[in-house]
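To start, the structure itself, in C-alpha cells.
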Amino acid sequence: MLKLPSAITTCLFDLDGVLTQTEKVHAAAWKRTFDDYLGEDAFQTSDYDAYVDGRQRRDGVRAFLASRDIDAGPATVAMLAARKDDAVRDVMRRDGVERYEGSVRFAEAARAAGLRRAVVSSSRNCRAVLAAAGIDDLFERVIDGVDAEREYLAGKPAPDTFLAAAWLLRARPEEAAVFEDALAGVQAARAGGFGWVVAVDRSGQAEALRGAGADVVVRDLGELLSGPRARAARARSAI
Ligand SMILES: [Mg+2]
C-alpha cells in the first residue's frame, strides 16, 4: 500500500516542508533577517532553496553571506542566526503551525504497516512544532538541532543526523527511506547511502532535487499511498 522498495523498514522524515508547512515560516524569517541587515529585497526566494533551506541556522547564514562575497566573523553569524530564530518565533506565534495532511496520512499508514518512524530536522524547535501540529505521537524518535549540537553531529548536507536516527531505530541505512524537501537534505540522504530517497517538491525545483540524488520526486506524500482511500483523496484534490 506504500510505494516503497520492499527492503525498507524505516522512514526518516524531515520536518519543515515535509511534515509541516513551516518552510513558509522559515522563508519569511530568513527574508526579514537578511533584508533588515543588507537592505530591501537582498534576500530572494531562490536564495532560500540554494543556501539556507534544510541547514542549521549558522551554516545557512554563512552560506548566504558567502554567496554575496561577505566574509562575516563568528559574532555577526551568531547575531544573524539569533535574529532569524526570533523572527521564526514571531511568525509562528502570528500564523500558527499547519501540517501537510498528505504527509500525516502517509506517516499514519507507515505506522499501520509496522515501519519504524523518526523525524530528522535541523530545527531547534522541532519538538515544539510537532506538538503544535498535533503529530508528535506519530514518531518514535526525533533528532533535531539541539541533539545535533549536543552530540557534535554535522548538519545537512552531511548525513550524520539521518545516520543517528537510523541507528536509534536499529536500521541500517540501506533499510531506511528519507523524505526531504531541501536540496541539502537530499544530498545528506544520498551521502549516507540510504536505501530510498523521496524528495517532496514544494517550490518547483523537481529537476534540482533529482540532480541532488532523489530516487523519486512527488508533490505530496499522499501520492505514495494506494488503495481506495488514497484514490478518493486524489480525486477530491483534483476537483
Ligand atoms: Mg525541509
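A note on labels: chains of the C-alpha cells are A, B, ... as shown, every chain counts residues from 1, and ligands are counted from 1 in their shown order.
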Could you pull out the residues sitting within 7 Å of ligand 1, using only C-alpha atoms and all ligand atoms, and write them as a PDB file with all heavy atoms, in the first residue's frame?
```pdb
ATOM      1  N   ASP A  14      12.072  14.542   7.272  1.00  0.00           N
ATOM      2  CA  ASP A  14      12.383  15.927   7.576  1.00  0.00           C
ATOM      3  C   ASP A  14      11.101  16.574   8.115  1.00  0.00           C
ATOM      4  O   ASP A  14       9.992  16.072   7.887  1.00  0.00           O
ATOM      5  CB  ASP A  14      12.858  16.616   6.283  1.00  0.00           C
ATOM      6  CG  ASP A  14      13.053  18.099   6.468  1.00  0.00           C
ATOM      7  OD1 ASP A  14      13.708  18.496   7.448  1.00  0.00           O
ATOM      8  OD2 ASP A  14      12.548  18.874   5.623  1.00  0.00           O
ATOM      9  N   LEU A  15      11.264  17.670   8.842  1.00  0.00           N
ATOM     10  CA  LEU A  15      10.090  18.342   9.437  1.00  0.00           C
ATOM     11  C   LEU A  15       9.562  19.462   8.537  1.00  0.00           C
ATOM     12  O   LEU A  15       8.506  19.345   7.912  1.00  0.00           O
ATOM     13  CB  LEU A  15      10.485  18.917  10.812  1.00  0.00           C
ATOM     14  CG  LEU A  15       9.408  19.752  11.495  1.00  0.00           C
ATOM     15  CD1 LEU A  15       8.274  18.873  12.016  1.00  0.00           C
ATOM     16  CD2 LEU A  15       9.993  20.576  12.641  1.00  0.00           C
ATOM     17  N   ASP A  16      10.348  20.568   8.481  1.00  0.00           N
ATOM     18  CA  ASP A  16       9.880  21.778   7.808  1.00  0.00           C
ATOM     19  C   ASP A  16       9.749  21.529   6.312  1.00  0.00           C
ATOM     20  O   ASP A  16      10.734  21.213   5.641  1.00  0.00           O
ATOM     21  CB  ASP A  16      10.876  22.927   8.029  1.00  0.00           C
ATOM     22  CG  ASP A  16      11.073  23.238   9.513  1.00  0.00           C
ATOM     23  OD1 ASP A  16      10.067  23.390  10.214  1.00  0.00           O
ATOM     24  OD2 ASP A  16      12.229  23.317   9.950  1.00  0.00           O
ATOM     25  N   GLY A  17       8.557  21.648   5.784  1.00  0.00           N
ATOM     26  CA  GLY A  17       8.360  21.462   4.349  1.00  0.00           C
ATOM     27  C   GLY A  17       7.986  20.053   3.963  1.00  0.00           C
ATOM     28  O   GLY A  17       7.569  19.811   2.834  1.00  0.00           O
ATOM     29  N   VAL A  18       8.172  19.089   4.887  1.00  0.00           N
ATOM     30  CA  VAL A  18       7.729  17.716   4.613  1.00  0.00           C
ATOM     31  C   VAL A  18       6.501  17.391   5.460  1.00  0.00           C
ATOM     32  O   VAL A  18       5.449  17.034   4.922  1.00  0.00           O
ATOM     33  CB  VAL A  18       8.863  16.696   4.858  1.00  0.00           C
ATOM     34  CG1 VAL A  18       8.327  15.266   4.772  1.00  0.00           C
ATOM     35  CG2 VAL A  18       9.954  16.896   3.820  1.00  0.00           C
ATOM     36  N   GLU A  23       8.120  25.572   6.317  1.00  0.00           N
ATOM     37  CA  GLU A  23       9.117  26.140   5.406  1.00  0.00           C
ATOM     38  C   GLU A  23       8.721  27.561   5.007  1.00  0.00           C
ATOM     39  O   GLU A  23       9.591  28.398   4.764  1.00  0.00           O
ATOM     40  CB  GLU A  23       9.323  25.240   4.170  1.00  0.00           C
ATOM     41  CG  GLU A  23       8.285  25.366   3.070  1.00  0.00           C
ATOM     42  CD  GLU A  23       7.004  24.599   3.361  1.00  0.00           C
ATOM     43  OE1 GLU A  23       6.805  24.168   4.504  1.00  0.00           O
ATOM     44  OE2 GLU A  23       6.182  24.462   2.434  1.00  0.00           O
ATOM     45  N   ASP A  53      17.773  26.553   3.100  1.00  0.00           N
ATOM     46  CA  ASP A  53      16.769  25.529   3.407  1.00  0.00           C
ATOM     47  C   ASP A  53      17.446  24.234   3.861  1.00  0.00           C
ATOM     48  O   ASP A  53      18.357  23.732   3.204  1.00  0.00           O
ATOM     49  CB  ASP A  53      15.902  25.255   2.174  1.00  0.00           C
ATOM     50  CG  ASP A  53      14.733  24.334   2.502  1.00  0.00           C
ATOM     51  OD1 ASP A  53      14.400  24.185   3.689  1.00  0.00           O
ATOM     52  OD2 ASP A  53      14.153  23.772   1.556  1.00  0.00           O
ATOM     53  N   GLY A  54      16.985  23.703   4.981  1.00  0.00           N
ATOM     54  CA  GLY A  54      17.475  22.417   5.480  1.00  0.00           C
ATOM     55  C   GLY A  54      18.748  22.505   6.304  1.00  0.00           C
ATOM     56  O   GLY A  54      19.135  21.536   6.940  1.00  0.00           O
ATOM     57  N   GLU A 180      12.468  14.223   2.159  1.00  0.00           N
ATOM     58  CA  GLU A 180      13.108  15.541   2.261  1.00  0.00           C
ATOM     59  C   GLU A 180      12.539  16.508   1.222  1.00  0.00           C
ATOM     60  O   GLU A 180      12.155  16.093   0.134  1.00  0.00           O
ATOM     61  CB  GLU A 180      14.611  15.400   1.990  1.00  0.00           C
ATOM     62  CG  GLU A 180      15.475  15.418   3.222  1.00  0.00           C
ATOM     63  CD  GLU A 180      15.510  16.773   3.936  1.00  0.00           C
ATOM     64  OE1 GLU A 180      15.040  17.778   3.366  1.00  0.00           O
ATOM     65  OE2 GLU A 180      16.022  16.816   5.052  1.00  0.00           O
ATOM     66  N   ASP A 181      12.518  17.793   1.557  1.00  0.00           N
ATOM     67  CA  ASP A 181      12.124  18.798   0.555  1.00  0.00           C
ATOM     68  C   ASP A 181      13.288  19.718   0.186  1.00  0.00           C
ATOM     69  O   ASP A 181      13.163  20.495  -0.762  1.00  0.00           O
ATOM     70  CB  ASP A 181      10.962  19.657   1.066  1.00  0.00           C
ATOM     71  CG  ASP A 181      11.385  20.578   2.185  1.00  0.00           C
ATOM     72  OD1 ASP A 181      12.051  20.107   3.131  1.00  0.00           O
ATOM     73  OD2 ASP A 181      11.059  21.777   2.109  1.00  0.00           O
ATOM     74  N   ALA A 182      14.404  19.626   0.911  1.00  0.00           N
ATOM     75  CA  ALA A 182      15.507  20.572   0.677  1.00  0.00           C
ATOM     76  C   ALA A 182      16.635  19.906  -0.103  1.00  0.00           C
ATOM     77  O   ALA A 182      16.902  18.717   0.063  1.00  0.00           O
ATOM     78  CB  ALA A 182      16.046  21.090   2.006  1.00  0.00           C
TER      79      ALA A 182
END
```
| field | Filtered DSSP result for range 1-236 of chain A, state strand (DSSP E), as a ChimeraX atom specification | value | /A:10-13,116-120,141-143,176-180,196-200,216-218
Export of prior selection with N, CA and C atoms as a PDB file, in the first residue's frame:
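And here is the file that came out, again-v1.pdb:
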```pdb
ATOM      1  N   THR A  10      12.141   1.388   7.623  1.00  0.00           N
ATOM      2  CA  THR A  10      12.252   2.563   8.484  1.00  0.00           C
ATOM      3  C   THR A  10      12.086   3.824   7.641  1.00  0.00           C
ATOM      4  N   CYS A  11      11.339   4.794   8.179  1.00  0.00           N
ATOM      5  CA  CYS A  11      11.121   6.056   7.468  1.00  0.00           C
ATOM      6  C   CYS A  11      11.670   7.207   8.293  1.00  0.00           C
ATOM      7  N   LEU A  12      12.522   8.031   7.671  1.00  0.00           N
ATOM      8  CA  LEU A  12      13.119   9.191   8.328  1.00  0.00           C
ATOM      9  C   LEU A  12      12.586  10.447   7.650  1.00  0.00           C
ATOM     10  N   PHE A  13      11.814  11.226   8.387  1.00  0.00           N
ATOM     11  CA  PHE A  13      11.128  12.378   7.810  1.00  0.00           C
ATOM     12  C   PHE A  13      11.807  13.674   8.231  1.00  0.00           C
ATOM     13  N   ARG A 116       9.211   1.594  11.138  1.00  0.00           N
ATOM     14  CA  ARG A 116       9.712   2.482  12.187  1.00  0.00           C
ATOM     15  C   ARG A 116       9.759   3.903  11.639  1.00  0.00           C
ATOM     16  N   ARG A 117       9.595   4.916  12.543  1.00  0.00           N
ATOM     17  CA  ARG A 117       9.467   6.290  12.074  1.00  0.00           C
ATOM     18  C   ARG A 117      10.208   7.279  12.977  1.00  0.00           C
ATOM     19  N   ALA A 118      11.020   8.131  12.354  1.00  0.00           N
ATOM     20  CA  ALA A 118      11.701   9.195  13.103  1.00  0.00           C
ATOM     21  C   ALA A 118      11.624  10.497  12.322  1.00  0.00           C
ATOM     22  N   VAL A 119      11.784  11.601  13.054  1.00  0.00           N
ATOM     23  CA  VAL A 119      11.894  12.924  12.438  1.00  0.00           C
ATOM     24  C   VAL A 119      13.334  13.394  12.590  1.00  0.00           C
ATOM     25  N   VAL A 120      13.899  13.906  11.498  1.00  0.00           N
ATOM     26  CA  VAL A 120      15.286  14.383  11.485  1.00  0.00           C
ATOM     27  C   VAL A 120      15.264  15.823  10.968  1.00  0.00           C
ATOM     28  N   ARG A 141      11.119   8.548  17.372  1.00  0.00           N
ATOM     29  CA  ARG A 141      12.361   9.230  17.721  1.00  0.00           C
ATOM     30  C   ARG A 141      12.441  10.565  16.995  1.00  0.00           C
ATOM     31  N   VAL A 142      13.175  11.492  17.608  1.00  0.00           N
ATOM     32  CA  VAL A 142      13.433  12.790  16.987  1.00  0.00           C
ATOM     33  C   VAL A 142      14.924  13.086  17.115  1.00  0.00           C
ATOM     34  N   ILE A 143      15.547  13.491  16.016  1.00  0.00           N
ATOM     35  CA  ILE A 143      16.885  14.086  16.069  1.00  0.00           C
ATOM     36  C   ILE A 143      16.732  15.510  15.539  1.00  0.00           C
ATOM     37  N   ALA A 176      16.519   2.152   5.265  1.00  0.00           N
ATOM     38  CA  ALA A 176      15.752   3.345   5.623  1.00  0.00           C
ATOM     39  C   ALA A 176      15.469   4.214   4.398  1.00  0.00           C
ATOM     40  N   ALA A 177      14.274   4.777   4.377  1.00  0.00           N
ATOM     41  CA  ALA A 177      13.902   5.761   3.363  1.00  0.00           C
ATOM     42  C   ALA A 177      13.931   7.140   4.002  1.00  0.00           C
ATOM     43  N   VAL A 178      14.402   8.127   3.235  1.00  0.00           N
ATOM     44  CA  VAL A 178      14.461   9.512   3.704  1.00  0.00           C
ATOM     45  C   VAL A 178      13.456  10.339   2.899  1.00  0.00           C
ATOM     46  N   PHE A 179      12.728  11.197   3.607  1.00  0.00           N
ATOM     47  CA  PHE A 179      11.722  12.071   2.986  1.00  0.00           C
ATOM     48  C   PHE A 179      12.153  13.508   3.233  1.00  0.00           C
ATOM     49  N   GLU A 180      12.468  14.223   2.159  1.00  0.00           N
ATOM     50  CA  GLU A 180      13.108  15.541   2.261  1.00  0.00           C
ATOM     51  C   GLU A 180      12.539  16.508   1.222  1.00  0.00           C
ATOM     52  N   TRP A 196      16.439   4.557   0.022  1.00  0.00           N
ATOM     53  CA  TRP A 196      15.454   5.176  -0.857  1.00  0.00           C
ATOM     54  C   TRP A 196      15.327   6.634  -0.459  1.00  0.00           C
ATOM     55  N   VAL A 197      15.375   7.541  -1.436  1.00  0.00           N
ATOM     56  CA  VAL A 197      15.312   8.974  -1.142  1.00  0.00           C
ATOM     57  C   VAL A 197      14.112   9.571  -1.876  1.00  0.00           C
ATOM     58  N   VAL A 198      13.137  10.015  -1.099  1.00  0.00           N
ATOM     59  CA  VAL A 198      11.934  10.622  -1.657  1.00  0.00           C
ATOM     60  C   VAL A 198      12.035  12.134  -1.464  1.00  0.00           C
ATOM     61  N   ALA A 199      12.003  12.879  -2.563  1.00  0.00           N
ATOM     62  CA  ALA A 199      12.006  14.338  -2.474  1.00  0.00           C
ATOM     63  C   ALA A 199      10.590  14.842  -2.634  1.00  0.00           C
ATOM     64  N   VAL A 200      10.211  15.784  -1.783  1.00  0.00           N
ATOM     65  CA  VAL A 200       8.913  16.435  -1.885  1.00  0.00           C
ATOM     66  C   VAL A 200       9.155  17.818  -2.463  1.00  0.00           C
ATOM     67  N   VAL A 216      12.915   9.459  -6.236  1.00  0.00           N
ATOM     68  CA  VAL A 216      11.599   9.801  -6.741  1.00  0.00           C
ATOM     69  C   VAL A 216      11.255  11.197  -6.222  1.00  0.00           C
ATOM     70  N   VAL A 217      10.553  11.974  -7.056  1.00  0.00           N
ATOM     71  CA  VAL A 217      10.111  13.311  -6.654  1.00  0.00           C
ATOM     72  C   VAL A 217       8.589  13.340  -6.709  1.00  0.00           C
ATOM     73  N   VAL A 218       7.952  13.747  -5.621  1.00  0.00           N
ATOM     74  CA  VAL A 218       6.492  13.864  -5.586  1.00  0.00           C
ATOM     75  C   VAL A 218       6.123  15.286  -5.173  1.00  0.00           C
TER      76      VAL A 218
END
```
| query | range 42-225 of chain A: which residues are helix (DSSP H, G or I) by DSSP, as a VMD selection string? | reply | chain A and resid 45 to 52 57 to 67 74 to 95 101 to 112 126 to 133 136 to 138 145 to 150 160 to 168 173 to 175 183 to 191 206 to 212 221 to 224
| task | Excluding Leu38 in chain A and residues on its chain fewer than 5 positions from it, collect all residues at most 10 Å away from it, counting only C-alpha atoms, and give them as a PyMOL selection string. | result | chain A and resi 33+43+65
| said: Can you tell me which residues surround Asp160 in chain A at a distance of at most 12 Å, considering only C-alpha atoms, apart from same-chain residues fewer than 2 positions away, and format the answer as a ChimeraX atom specification? | reply: /A:120-122,143-145,147-149,151-158,162-167,173,185,187-194
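Between Glu223 in chain A and the residues A:Glu140, A:Glu101, A:Asp59, A:Asp35, the shortest atom-to-atom distance, using only C-alpha atoms, involves A:Glu101.
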| request: Record the distance separating CA of Gly213 in chain A and CA of Val186 in chain A, expressed in Å with one decimal. | output: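 Distance reported for this atom pair: 6.4 Å.
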